>>> print(open('protein.csv').read())   # CSV, C-alpha atoms
chain,number,residue,atom,x,y,z
P,1,MET,CA,-3.1,-12.2,7.1
P,2,SER,CA,-1.9,-9.7,4.5
P,3,LEU,CA,1.5,-8.8,6.0
P,4,PRO,CA,3.4,-11.0,3.4
P,5,LYS,CA,1.5,-9.1,0.6
P,6,VAL,CA,2.6,-5.8,2.1
P,7,ILE,CA,6.2,-7.0,2.3
P,8,ASN,CA,6.0,-8.1,-1.3
P,9,ALA,CA,4.7,-4.8,-2.5
P,10,ILE,CA,7.4,-2.9,-0.7
P,11,ARG,CA,10.0,-5.2,-2.2
P,12,ARG,CA,8.6,-4.8,-5.8
P,13,HIS,CA,8.3,-1.0,-5.9
P,14,LYS,CA,11.0,1.7,-5.8
P,15,LYS,CA,9.3,5.1,-5.1
P,16,PHE,CA,6.5,5.5,-2.6
P,17,LEU,CA,3.9,8.1,-1.6
P,18,ILE,CA,3.1,7.7,2.1
P,19,SER,CA,0.0,9.4,3.5
P,20,GLY,CA,-2.3,9.3,6.5
P,21,HIS,CA,-5.6,10.8,7.6
P,22,VAL,CA,-6.6,14.5,7.8
P,23,ASP,CA,-6.1,16.1,11.2
P,24,PRO,CA,-3.3,13.6,12.0
P,25,GLU,CA,-2.3,12.6,15.5
P,26,ALA,CA,0.7,10.7,16.8
P,27,ASP,CA,-0.4,7.3,15.4
P,28,ALA,CA,-0.8,8.5,11.9
P,29,ILE,CA,2.4,10.6,12.1
P,30,GLY,CA,4.5,8.0,13.9
P,31,SER,CA,3.4,5.3,11.5
P,32,GLN,CA,4.3,7.4,8.5
P,33,LEU,CA,7.7,8.5,9.8
P,34,ALA,CA,8.7,4.9,10.8
P,35,LEU,CA,7.5,3.5,7.5
P,36,ALA,CA,9.4,6.2,5.6
P,37,SER,CA,12.6,5.3,7.6
P,38,LEU,CA,12.1,1.6,6.8
P,39,ILE,CA,11.7,2.4,3.0
P,40,LYS,CA,14.9,4.5,3.0
P,41,ARG,CA,16.9,1.7,4.7
P,42,LEU,CA,15.8,-0.6,1.9
P,43,GLY,CA,17.5,1.7,-0.6
P,44,LYS,CA,14.2,3.0,-1.9
P,45,ASP,CA,12.6,6.5,-2.1
P,46,PRO,CA,9.7,7.6,0.1
P,47,ILE,CA,7.9,10.9,0.4
P,48,ILE,CA,5.3,11.7,3.1
P,49,ILE,CA,2.5,13.9,1.9
P,50,ASP,CA,-0.4,15.0,4.1
P,51,GLN,CA,-3.3,17.4,3.8
P,52,ASP,CA,-2.9,18.8,7.3
P,53,PRO,CA,0.1,19.6,9.5
P,54,PRO,CA,1.0,17.5,12.6
P,55,PRO,CA,-0.2,18.9,16.0
P,56,VAL,CA,2.5,20.8,18.0
P,57,SER,CA,2.6,17.8,20.4
P,58,CYS,CA,4.3,15.8,17.7
P,59,ASP,CA,7.2,18.3,17.2
P,60,PHE,CA,9.7,16.1,19.0
P,61,MET,CA,9.2,13.1,16.7
P,62,PRO,CA,12.3,12.3,14.6
P,63,GLY,CA,11.8,13.2,11.0
P,64,ILE,CA,8.8,15.4,11.6
P,65,ASN,CA,10.2,18.1,9.2
P,66,SER,CA,10.2,15.7,6.3
P,67,ILE,CA,6.4,15.8,6.0
P,68,VAL,CA,5.2,17.7,2.9
P,69,LEU,CA,1.8,19.4,3.0
P,70,CYS,CA,-0.4,19.1,-0.1
P,71,LYS,CA,-0.6,22.9,-0.3
P,72,ASN,CA,3.2,23.2,-0.5
P,73,LEU,CA,3.7,20.3,-2.9
P,74,ASN,CA,5.9,20.6,-6.0
P,75,LYS,CA,4.2,18.0,-8.2
P,76,LYS,CA,7.5,17.2,-9.8
P,77,VAL,CA,8.3,15.0,-6.8
P,78,LEU,CA,5.4,12.7,-7.8
P,79,LYS,CA,7.2,11.6,-10.9
P,80,ASP,CA,7.9,7.8,-11.0
P,81,ILE,CA,6.0,7.1,-7.8
P,82,ASP,CA,4.7,3.5,-8.3
P,83,CYS,CA,3.2,2.7,-4.9
P,84,ALA,CA,1.0,4.6,-2.4
P,85,LEU,CA,1.3,3.4,1.2
P,86,ILE,CA,-1.8,4.7,3.1
P,87,VAL,CA,-1.7,4.3,6.9
P,88,ASP,CA,-4.3,4.7,9.6
P,89,CYS,CA,-7.1,5.5,7.2
P,90,PRO,CA,-10.5,3.6,7.0
P,91,THR,CA,-11.1,5.1,3.5
P,92,LEU,CA,-8.9,6.7,0.9
P,93,GLU,CA,-11.1,9.8,1.1
P,94,ARG,CA,-10.0,10.2,4.7
P,95,THR,CA,-6.6,11.4,3.4
P,96,GLY,CA,-8.3,14.5,2.1
P,97,LYS,CA,-6.5,16.2,-0.7
P,98,ALA,CA,-3.8,13.6,-0.7
P,99,ALA,CA,-6.2,11.2,-2.3
P,100,GLU,CA,-6.1,13.3,-5.4
P,101,LEU,CA,-2.4,12.5,-5.8
P,102,VAL,CA,-3.0,8.7,-6.0
P,103,THR,CA,-3.2,7.7,-9.6
P,104,ARG,CA,-4.2,4.5,-11.4
P,105,ASP,CA,-0.6,3.8,-12.0
P,106,MET,CA,0.1,3.4,-8.3
P,107,GLU,CA,-0.5,0.2,-6.4
P,108,ILE,CA,-2.4,1.2,-3.2
P,109,VAL,CA,-1.3,-0.5,0.0
P,110,ASN,CA,-3.8,0.0,2.9
P,111,ILE,CA,-2.3,-0.5,6.4
P,112,ASP,CA,-4.8,0.2,9.1
P,113,HIS,CA,-6.4,-0.9,12.4
P,114,HIS,CA,-9.9,0.7,12.1
P,115,VAL,CA,-12.7,-1.8,12.1
P,116,SER,CA,-14.6,0.5,9.8
P,117,ASN,CA,-12.0,0.2,7.1
P,118,ASP,CA,-13.6,-0.4,3.6
P,119,TYR,CA,-10.6,-2.3,2.1
P,120,PHE,CA,-9.9,0.3,-0.5
P,121,GLY,CA,-6.4,-0.9,-1.4
P,122,ASP,CA,-5.0,-3.2,-4.0
P,123,VAL,CA,-3.3,-4.8,-0.9
P,124,ASN,CA,-5.1,-4.5,2.4
P,125,TRP,CA,-3.7,-5.3,5.8
P,126,VAL,CA,-6.4,-4.3,8.3
P,127,ASP,CA,-6.1,-5.6,11.9
P,128,GLY,CA,-9.1,-4.4,13.9
P,129,LYS,CA,-7.6,-5.9,17.0
P,130,GLY,CA,-4.4,-3.8,16.7
P,131,ALA,CA,-4.1,-1.1,19.4
P,132,ALA,CA,-2.6,1.3,16.9
P,133,THR,CA,-1.4,1.3,13.3
P,134,GLY,CA,2.1,1.7,14.8
P,135,GLU,CA,1.8,-1.9,16.0
P,136,LEU,CA,1.4,-3.0,12.3
P,137,ILE,CA,4.4,-0.9,11.2
P,138,PHE,CA,6.4,-2.6,14.0
P,139,GLY,CA,5.4,-5.9,12.5
P,140,ILE,CA,6.8,-4.9,9.1
P,141,PHE,CA,10.2,-4.2,10.7
P,142,LYS,CA,10.2,-7.5,12.4
P,143,ARG,CA,9.2,-9.5,9.3
P,144,LEU,CA,12.0,-7.8,7.3
P,145,GLY,CA,14.5,-8.4,10.1
P,146,LEU,CA,15.3,-4.7,10.3
P,147,LYS,CA,16.7,-3.4,13.6
P,148,LEU,CA,14.8,-0.3,14.7
P,149,THR,CA,16.8,2.9,15.2
P,150,LYS,CA,16.1,4.9,18.2
P,151,GLY,CA,14.1,7.3,16.0
P,152,ASP,CA,12.0,4.5,14.7
P,153,ALA,CA,11.3,3.3,18.3
P,154,ILE,CA,10.3,6.8,19.4
P,155,ASN,CA,7.8,7.2,16.5
P,156,ILE,CA,6.2,3.7,16.9
P,157,TYR,CA,6.1,4.1,20.7
P,158,SER,CA,4.4,7.5,20.3
P,159,ALA,CA,1.9,6.0,17.9
P,160,ILE,CA,0.9,3.3,20.3
P,161,LEU,CA,0.9,5.6,23.3
P,162,ILE,CA,-1.6,8.1,21.8
P,163,ASP,CA,-4.0,5.5,20.5
P,164,THR,CA,-4.1,3.5,23.8
P,165,GLY,CA,-4.4,6.6,26.0
P,166,SER,CA,-1.1,5.8,27.5
P,167,PHE,CA,-2.0,2.1,27.8
P,168,ARG,CA,-5.3,2.9,29.6
P,169,TYR,CA,-7.9,2.1,26.9
P,170,SER,CA,-9.5,-1.3,26.4
P,171,ASN,CA,-7.6,-1.8,23.1
P,172,THR,CA,-4.4,-2.3,25.0
P,173,SER,CA,-3.4,-6.0,24.9
P,174,ALA,CA,-0.6,-8.2,26.1
P,175,LYS,CA,0.9,-7.9,22.7
P,176,THR,CA,0.9,-4.1,23.0
P,177,HIS,CA,2.9,-4.2,26.2
P,178,ILE,CA,5.4,-6.7,24.7
P,179,ILE,CA,6.0,-4.4,21.7
P,180,ALA,CA,6.3,-1.4,24.0
P,181,ALA,CA,8.9,-3.2,26.1
P,182,GLU,CA,11.0,-4.0,23.1
P,183,LEU,CA,10.8,-0.4,21.9
P,184,ILE,CA,11.8,0.9,25.3
P,185,LYS,CA,15.0,-1.2,25.1
P,186,ASN,CA,16.2,1.3,22.5
P,187,GLY,CA,16.8,3.9,25.3
P,188,LEU,CA,13.6,5.8,25.1
P,189,ASP,CA,12.8,8.6,27.5
P,190,THR,CA,9.2,7.4,28.1
P,191,ASN,CA,8.4,10.2,30.5
P,192,PHE,CA,9.5,12.9,28.0
P,193,ILE,CA,7.4,11.2,25.2
P,194,TYR,CA,4.3,11.1,27.5
P,195,GLU,CA,4.7,14.7,28.6
P,196,SER,CA,5.1,15.9,25.0
P,197,LEU,CA,2.0,14.1,23.8
P,198,PHE,CA,-0.3,14.6,26.8
P,199,GLU,CA,1.0,17.4,29.1
P,200,MET,CA,3.2,20.0,27.5
P,201,LYS,CA,0.4,22.2,26.0
P,202,ALA,CA,1.0,25.8,24.8
P,203,TYR,CA,-0.7,28.5,26.8
P,204,GLU,CA,-3.1,29.1,23.9
P,205,VAL,CA,-4.2,25.5,23.9
P,206,THR,CA,-4.7,25.5,27.7
P,207,HIS,CA,-6.7,28.7,27.4
P,208,LEU,CA,-8.9,27.0,24.8
P,209,LEU,CA,-9.4,24.0,27.1
P,210,GLY,CA,-10.7,26.3,29.8
P,211,LYS,CA,-13.3,27.8,27.4
P,212,SER,CA,-14.2,24.4,26.1
P,213,LEU,CA,-14.7,23.0,29.6
P,214,SER,CA,-17.1,25.8,30.4
P,215,THR,CA,-19.5,24.2,27.8
P,216,LEU,CA,-19.4,20.8,29.6
P,217,ASN,CA,-22.9,19.2,29.6
P,218,ARG,CA,-24.6,15.9,30.2
P,219,THR,CA,-27.9,14.1,29.9
P,220,PRO,CA,-30.1,13.8,33.0
P,221,ASP,CA,-29.0,10.3,33.6
P,222,GLY,CA,-25.3,11.3,33.2
P,223,LYS,CA,-24.6,8.6,30.6
P,224,ILE,CA,-23.8,11.0,27.7
P,225,VAL,CA,-21.3,13.8,28.3
P,226,TRP,CA,-20.2,16.4,25.8
P,227,MET,CA,-18.5,19.7,25.2
P,228,TRP,CA,-17.8,22.2,22.4
P,229,ILE,CA,-15.0,24.0,20.7
P,230,THR,CA,-16.4,26.9,18.7
P,231,ARG,CA,-14.7,29.1,16.1
P,232,GLU,CA,-15.1,32.0,18.4
P,233,MET,CA,-13.3,30.2,21.2
P,234,LYS,CA,-10.5,29.1,18.9
P,235,ASN,CA,-10.0,32.5,17.3
P,236,GLY,CA,-10.1,34.2,20.7
P,237,THR,CA,-7.3,32.1,22.1
P,238,GLY,CA,-5.1,31.7,19.0
P,239,ALA,CA,-5.1,27.9,19.4
P,240,GLU,CA,-5.7,25.4,16.6
P,241,LEU,CA,-8.2,22.5,16.4
P,242,LYS,CA,-5.4,20.1,15.7
P,243,ASP,CA,-3.9,20.8,19.1
P,244,ALA,CA,-7.1,19.9,20.9
P,245,GLU,CA,-6.9,16.2,20.1
P,246,ASN,CA,-6.9,15.1,23.8
P,247,PHE,CA,-9.7,17.3,25.0
P,248,ILE,CA,-12.3,14.5,24.7
P,249,GLY,CA,-10.5,12.8,27.6
P,250,PHE,CA,-12.3,15.3,30.0
P,251,PRO,CA,-15.9,14.4,29.2
P,252,ARG,CA,-14.8,10.7,29.0
P,253,ALA,CA,-13.5,10.9,32.6
P,254,VAL,CA,-16.8,12.1,34.0
P,255,ARG,CA,-18.1,9.5,36.5
P,256,GLY,CA,-21.1,7.6,35.0
P,257,SER,CA,-20.4,8.5,31.4
P,258,LYS,CA,-20.8,5.8,28.8
P,259,VAL,CA,-20.4,8.0,25.7
P,260,ALA,CA,-18.3,11.2,25.5
P,261,LEU,CA,-18.5,13.6,22.6
P,262,LEU,CA,-16.4,16.6,21.5
P,263,PHE,CA,-18.1,18.9,19.0
P,264,LYS,CA,-15.7,21.1,17.0
P,265,GLU,CA,-16.8,23.9,14.7
P,266,SER,CA,-14.7,23.8,11.5
P,267,GLU,CA,-13.3,26.8,9.7
P,268,GLU,CA,-15.8,25.8,7.0
P,269,LYS,CA,-19.1,27.3,8.1
P,270,GLY,CA,-21.8,24.8,8.8
P,271,LEU,CA,-19.4,21.9,9.2
P,272,ILE,CA,-19.1,20.3,12.6
P,273,LYS,CA,-16.5,17.7,13.5
P,274,VAL,CA,-17.5,15.2,16.2
P,275,SER,CA,-15.2,12.9,18.2
P,276,LEU,CA,-16.7,10.1,20.2
P,277,ARG,CA,-15.4,7.8,23.0
P,278,GLY,CA,-17.4,4.8,24.3
P,279,LYS,CA,-17.2,2.8,27.6
P,280,ASP,CA,-18.9,-0.2,29.1
P,281,GLY,CA,-19.5,-1.9,25.7
P,282,VAL,CA,-21.1,1.0,23.8
P,283,ASP,CA,-20.0,0.8,20.2
P,284,VAL,CA,-19.4,4.3,19.0
P,285,ASN,CA,-18.2,3.1,15.6
P,286,LYS,CA,-21.8,2.2,14.8
P,287,ILE,CA,-22.9,5.7,15.8
P,288,ALA,CA,-20.2,7.3,13.7
P,289,MET,CA,-21.1,5.2,10.7
P,290,LYS,CA,-24.7,6.5,10.8
P,291,PHE,CA,-23.2,9.9,9.9
P,292,GLY,CA,-20.8,8.6,7.3
P,293,GLY,CA,-17.8,8.3,9.7
P,294,GLY,CA,-16.2,5.4,11.5
P,295,GLY,CA,-13.3,4.3,13.7
P,296,HIS,CA,-13.2,1.7,16.5
P,297,VAL,CA,-15.7,0.3,19.0
P,298,ALA,CA,-14.4,2.6,21.7
P,299,ALA,CA,-13.2,5.6,19.6
P,300,ALA,CA,-14.7,7.1,16.4
P,301,GLY,CA,-15.5,10.3,14.6
P,302,PHE,CA,-17.4,11.9,11.8
P,303,SER,CA,-18.4,15.3,10.3
P,304,ILE,CA,-21.9,16.7,10.0
P,305,ARG,CA,-23.2,19.6,8.1
P,306,ALA,CA,-25.7,21.5,10.2
P,307,ALA,CA,-26.1,24.5,12.5
P,308,SER,CA,-24.6,23.9,15.9
P,309,ARG,CA,-27.8,23.4,17.8
P,310,GLU,CA,-29.2,21.1,15.1
P,311,ALA,CA,-26.0,19.1,14.9
P,312,GLU,CA,-26.0,18.6,18.7
P,313,ARG,CA,-29.7,17.6,18.7
P,314,ARG,CA,-29.3,15.1,15.9
P,315,VAL,CA,-26.2,13.5,17.3
P,316,LEU,CA,-27.5,13.2,20.9
P,317,ALA,CA,-30.7,11.7,19.6
P,318,GLU,CA,-28.7,9.0,17.8
P,319,VAL,CA,-26.3,8.4,20.7
P,320,SER,CA,-29.3,7.9,23.0
P,321,LYS,CA,-30.4,4.9,21.0
P,322,HIS,CA,-27.2,3.1,21.8
P,323,VAL,CA,-26.9,3.9,25.5
>>> encode(input="protein.csv", output="structure tokens")
Amino acid sequence: MSLPKVINAIRRHKKFLISGHVDPEADAIGSQLALASLIKRLGKDPIIIDQDPPPVSCDFMPGINSIVLCKNLNKKVLKDIDCALIVDCPTLERTGKAAELVTRDMEIVNIDHHVSNDYFGDVNWVDGKGAATGELIFGIFKRLGLKLTKGDAINIYSAILIDTGSFRYSNTSAKTHIIAAELIKNGLDTNFIYESLFEMKAYEVTHLLGKSLSTLNRTPDGKIVWMWITREMKNGTGAELKDAENFIGFPRAVRGSKVALLFKESEEKGLIKVSLRGKDGVDVNKIAMKFGGGGHVAAAGFSIRAASREAERRVLAEVSKHV
């Protein structure tokens, strides 16, 4: 177990770059915010730098406005950074442009729960059985004996809630519920957190959902279900792809489905982002790795460069081998 090595690195260094994956969701965001809070309380200096902005659903999370985007970065703030804390990323490249900020002078600490992690750090704490990276951040607080603030509890609870599908997915363990119970003791409004992450969608996002649902399709045996978000849909509704993170729950919920897919046309022409969810023992991480992506047994993703129809054909052909 590498938790002691993570603690040692945090104790040895003074100024930290904290980053997470591109197109972040509440696990990446909550883990970064809670980790930055922990670093500050130790009298040290953290800065969170991400390539992409958080989804609107994360606006309620304490400290959200402290996140700096790569495109807005004043590189003077990078002076004297001696450690990079990378969370919820299976590869350093998954941080996008933030990876360019990590220099040879920085010790890289990799904290993650993806089974596809390639152990890119100088220090690696990868727990493939963890329901969320937020669980690991909670473990750092406990090992250091730091009492969580209410803000820390909100951010870690949000991280766990999103990656377990509100405690519905198979990655939810007894440990997950024990941690959640301890977090709730900090006076959390769990209903508000759930509504913010899963229900309170802007009109534009709900409009996009309607258009995306109109593309819902499945194989003749009903085991593979998928839908699309095209650039035309997105531009016509004014919504952003980052706010469509939970759309894949709809094909996943179709009775009889074993693999659900959400195809998303990127702003970059010819680049398709694909999210996958598996059920009944289908390992979608193996499918994602065939296309250079990864994730978990039940949830993974990747990008593919191809025209829409060709991307769909190639992906469905691969998925069919695993169902």
>>> closest_residue(input="protein.csv", among="P:Lys286, P:Lys242, P:Lys201, P:His21", to="Glu267 of chain P", atoms="only C-alpha atoms")
P:Lys242
>>> closest_residue(input="protein.csv", among="P:Met106, P:Ala132, P:Ala306, P:Ala298", to="Ile162 of chain P", atoms="all atoms listed in the file")
P:Ala132
>>> closest_residue(input="protein.csv", among="P:Ile287, P:Val56, P:Leu261, P:Leu78", to="Thr219 of chain P", atoms="all atoms listed in the file")
P:Leu261
>>> residues_around(input="protein.csv", residues="segment 168-170 of chain P", least_positions_apart="3", cutoff="12 Å", atoms="all atoms listed in the file", output="PyMOL selection string")
chain P and resi 129-132+160-165+173-174+176-177+249+252-253+277-281+296-299
>>> write_last_selection(input="protein.csv", atoms="C-alpha atoms", output="PDB file, in the frame of the given file")
ATOM      1  CA  LYS P 129      -7.600  -5.900  17.000  1.00  0.00           C
ATOM      2  CA  GLY P 130      -4.400  -3.800  16.700  1.00  0.00           C
ATOM      3  CA  ALA P 131      -4.100  -1.100  19.400  1.00  0.00           C
ATOM      4  CA  ALA P 132      -2.600   1.300  16.900  1.00  0.00           C
ATOM      5  CA  ILE P 160       0.900   3.300  20.300  1.00  0.00           C
ATOM      6  CA  LEU P 161       0.900   5.600  23.300  1.00  0.00           C
ATOM      7  CA  ILE P 162      -1.600   8.100  21.800  1.00  0.00           C
ATOM      8  CA  ASP P 163      -4.000   5.500  20.500  1.00  0.00           C
ATOM      9  CA  THR P 164      -4.100   3.500  23.800  1.00  0.00           C
ATOM     10  CA  GLY P 165      -4.400   6.600  26.000  1.00  0.00           C
ATOM     11  CA  SER P 173      -3.400  -6.000  24.900  1.00  0.00           C
ATOM     12  CA  ALA P 174      -0.600  -8.200  26.100  1.00  0.00           C
ATOM     13  CA  THR P 176       0.900  -4.100  23.000  1.00  0.00           C
ATOM     14  CA  HIS P 177       2.900  -4.200  26.200  1.00  0.00           C
ATOM     15  CA  GLY P 249     -10.500  12.800  27.600  1.00  0.00           C
ATOM     16  CA  ARG P 252     -14.800  10.700  29.000  1.00  0.00           C
ATOM     17  CA  ALA P 253     -13.500  10.900  32.600  1.00  0.00           C
ATOM     18  CA  ARG P 277     -15.400   7.800  23.000  1.00  0.00           C
ATOM     19  CA  GLY P 278     -17.400   4.800  24.300  1.00  0.00           C
ATOM     20  CA  LYS P 279     -17.200   2.800  27.600  1.00  0.00           C
ATOM     21  CA  ASP P 280     -18.900  -0.200  29.100  1.00  0.00           C
ATOM     22  CA  GLY P 281     -19.500  -1.900  25.700  1.00  0.00           C
ATOM     23  CA  HIS P 296     -13.200   1.700  16.500  1.00  0.00           C
ATOM     24  CA  VAL P 297     -15.700   0.300  19.000  1.00  0.00           C
ATOM     25  CA  ALA P 298     -14.400   2.600  21.700  1.00  0.00           C
ATOM     26  CA  ALA P 299     -13.200   5.600  19.600  1.00  0.00           C
TER      27      ALA P 299
END
>>> residues_near_point(input="protein.csv", point="(2.4, 19.8, -5.9)", cutoff="12 Å", atoms="only C-alpha atoms", output="NGL selection string")
:P and (49-51 or 68-79 or 97-98 or 100-101)
>>> closest_residue(input="protein.csv", among="P:Leu148, P:Ile47, P:Leu85, P:Ala159", to="Ile193 of chain P", atoms="only C-alpha atoms")
P:Ala159
>>> atom_distance(input="protein.csv", atom1="atom CA of Asn246 of chain P", atom2="atom CA of Phe263 of chain P")
12.8 Å
>>> residues_around(input="protein.csv", residues="Ser275 of chain P", least_positions_apart="2", cutoff="9 Å", atoms="only C-alpha atoms", output="PyMOL selection string")
chain P and resi 248+260-264+273+277+288+299-303
>>> closest_residue(input="protein.csv", among="P:Gly134, P:Gly187, P:Pro62, P:Pro4", to="Ala28 of chain P", atoms="all atoms listed in the file")
P:Gly134
>>> residues_near_point(input="protein.csv", point="(-7.0, -5.6, 14.7)", cutoff="10 Å", atoms="only C-alpha atoms", output="number ranges by chain")
P: 112-115, 125-133, 135-136, 171, 296
>>> closest_residue(input="protein.csv", among="P:Ile184, P:Ile48, P:Ile154, P:Ala307", to="Thr230 of chain P", atoms="only C-alpha atoms")
P:Ala307
>>> atom_distance(input="protein.csv", atom1="atom CA of Gly30 of chain P", atom2="atom CA of Asn155 of chain P")
4.3 Å
>>> atom_distance(input="protein.csv", atom1="atom CA of Asp118 of chain P", atom2="atom CA of Val315 of chain P")
23.2 Å
>>> axis_aligned_box(input="protein.csv", around="segment 242-256 of chain P", padding_each_side="5 Å", output="AutoDock Vina command-line options")
--center_x -12.5 --center_y 14.2 --center_z 26.1 --size_x 27.2 --size_y 23.2 --size_z 30.8
>>> residues_around(input="protein.csv", residues="Val87 of chain P", least_positions_apart="2", cutoff="6 Å", atoms="only C-alpha atoms", output="count of residues only")
4
>>> residues_around(input="protein.csv", residues="Leu183 of chain P", least_positions_apart="2", cutoff="10 Å", atoms="all atoms listed in the file", output="JSON, numbers by chain")
{"P": [138, 148, 149, 150, 152, 153, 154, 155, 156, 157, 177, 178, 179, 180, 181, 185, 186, 187, 188]}
>>> residues_around(input="protein.csv", residues="Asn217 of chain P", least_positions_apart="5", cutoff="12 Å", atoms="all atoms listed in the file", output="VMD selection string")
chain P and resid 212 222 to 228 250 to 252 254 257 260 to 263 312 316
>>> decode(input="protein.csv", residues="segment 114-164 of chain P", atoms="C-alpha atoms", output="PDB file, in the first residue's frame")
ATOM      1  CA  HIS P 114      -8.725   3.224 -12.302  1.00  0.00           C
ATOM      2  CA  VAL P 115      -7.674  -0.364 -12.961  1.00  0.00           C
ATOM      3  CA  SER P 116      -6.170   0.839 -16.261  1.00  0.00           C
ATOM      4  CA  ASN P 117      -3.691   3.141 -14.474  1.00  0.00           C
ATOM      5  CA  ASP P 118      -0.175   2.878 -15.958  1.00  0.00           C
ATOM      6  CA  TYR P 119       1.646   3.899 -12.728  1.00  0.00           C
ATOM      7  CA  PHE P 120       3.160   7.022 -14.258  1.00  0.00           C
ATOM      8  CA  GLY P 121       4.138   8.658 -10.970  1.00  0.00           C
ATOM      9  CA  ASP P 122       7.279   8.674  -8.878  1.00  0.00           C
ATOM     10  CA  VAL P 123       4.853   7.703  -6.111  1.00  0.00           C
ATOM     11  CA  ASN P 124       1.781   5.660  -7.087  1.00  0.00           C
ATOM     12  CA  TRP P 125      -1.238   4.948  -4.934  1.00  0.00           C
ATOM     13  CA  VAL P 126      -3.678   3.106  -7.160  1.00  0.00           C
ATOM     14  CA  ASP P 127      -6.590   1.270  -5.559  1.00  0.00           C
ATOM     15  CA  GLY P 128      -8.645  -0.432  -8.250  1.00  0.00           C
ATOM     16  CA  LYS P 129     -11.159  -1.539  -5.611  1.00  0.00           C
ATOM     17  CA  GLY P 130     -11.856   2.029  -4.520  1.00  0.00           C
ATOM     18  CA  ALA P 131     -15.290   3.265  -5.522  1.00  0.00           C
ATOM     19  CA  ALA P 132     -13.926   6.754  -6.194  1.00  0.00           C
ATOM     20  CA  THR P 133     -10.679   8.669  -5.896  1.00  0.00           C
ATOM     21  CA  GLY P 134     -12.521  10.634  -3.211  1.00  0.00           C
ATOM     22  CA  GLU P 135     -12.279   7.531  -0.995  1.00  0.00           C
ATOM     23  CA  LEU P 136      -8.487   7.689  -1.252  1.00  0.00           C
ATOM     24  CA  ILE P 137      -8.419  11.400  -0.399  1.00  0.00           C
ATOM     25  CA  PHE P 138     -10.557  10.604   2.651  1.00  0.00           C
ATOM     26  CA  GLY P 139      -7.882   8.081   3.620  1.00  0.00           C
ATOM     27  CA  ILE P 140      -5.190  10.765   3.527  1.00  0.00           C
ATOM     28  CA  PHE P 141      -7.191  12.941   5.931  1.00  0.00           C
ATOM     29  CA  LYS P 142      -7.611   9.992   8.284  1.00  0.00           C
ATOM     30  CA  ARG P 143      -3.945   8.970   8.184  1.00  0.00           C
ATOM     31  CA  LEU P 144      -2.863  12.559   8.935  1.00  0.00           C
ATOM     32  CA  GLY P 145      -5.418  12.839  11.732  1.00  0.00           C
ATOM     33  CA  LEU P 146      -6.992  15.927  10.163  1.00  0.00           C
ATOM     34  CA  LYS P 147     -10.642  16.601  10.991  1.00  0.00           C
ATOM     35  CA  LEU P 148     -12.635  17.289   7.849  1.00  0.00           C
ATOM     36  CA  THR P 149     -14.331  20.645   7.471  1.00  0.00           C
ATOM     37  CA  LYS P 150     -17.890  20.662   6.189  1.00  0.00           C
ATOM     38  CA  GLY P 151     -16.542  21.819   2.828  1.00  0.00           C
ATOM     39  CA  ASP P 152     -14.128  18.883   2.686  1.00  0.00           C
ATOM     40  CA  ALA P 153     -16.967  16.495   3.530  1.00  0.00           C
ATOM     41  CA  ILE P 154     -19.193  17.955   0.785  1.00  0.00           C
ATOM     42  CA  ASN P 155     -16.447  17.598  -1.822  1.00  0.00           C
ATOM     43  CA  ILE P 156     -15.491  14.026  -0.893  1.00  0.00           C
ATOM     44  CA  TYR P 157     -19.126  12.928  -0.584  1.00  0.00           C
ATOM     45  CA  SER P 158     -19.839  14.429  -4.021  1.00  0.00           C
ATOM     46  CA  ALA P 159     -16.848  12.558  -5.465  1.00  0.00           C
ATOM     47  CA  ILE P 160     -18.127   9.259  -4.116  1.00  0.00           C
ATOM     48  CA  LEU P 161     -21.743   9.940  -5.031  1.00  0.00           C
ATOM     49  CA  ILE P 162     -21.020  10.590  -8.714  1.00  0.00           C
ATOM     50  CA  ASP P 163     -18.727   7.601  -9.241  1.00  0.00           C
ATOM     51  CA  THR P 164     -21.090   5.152  -7.541  1.00  0.00           C
TER      52      THR P 164
END
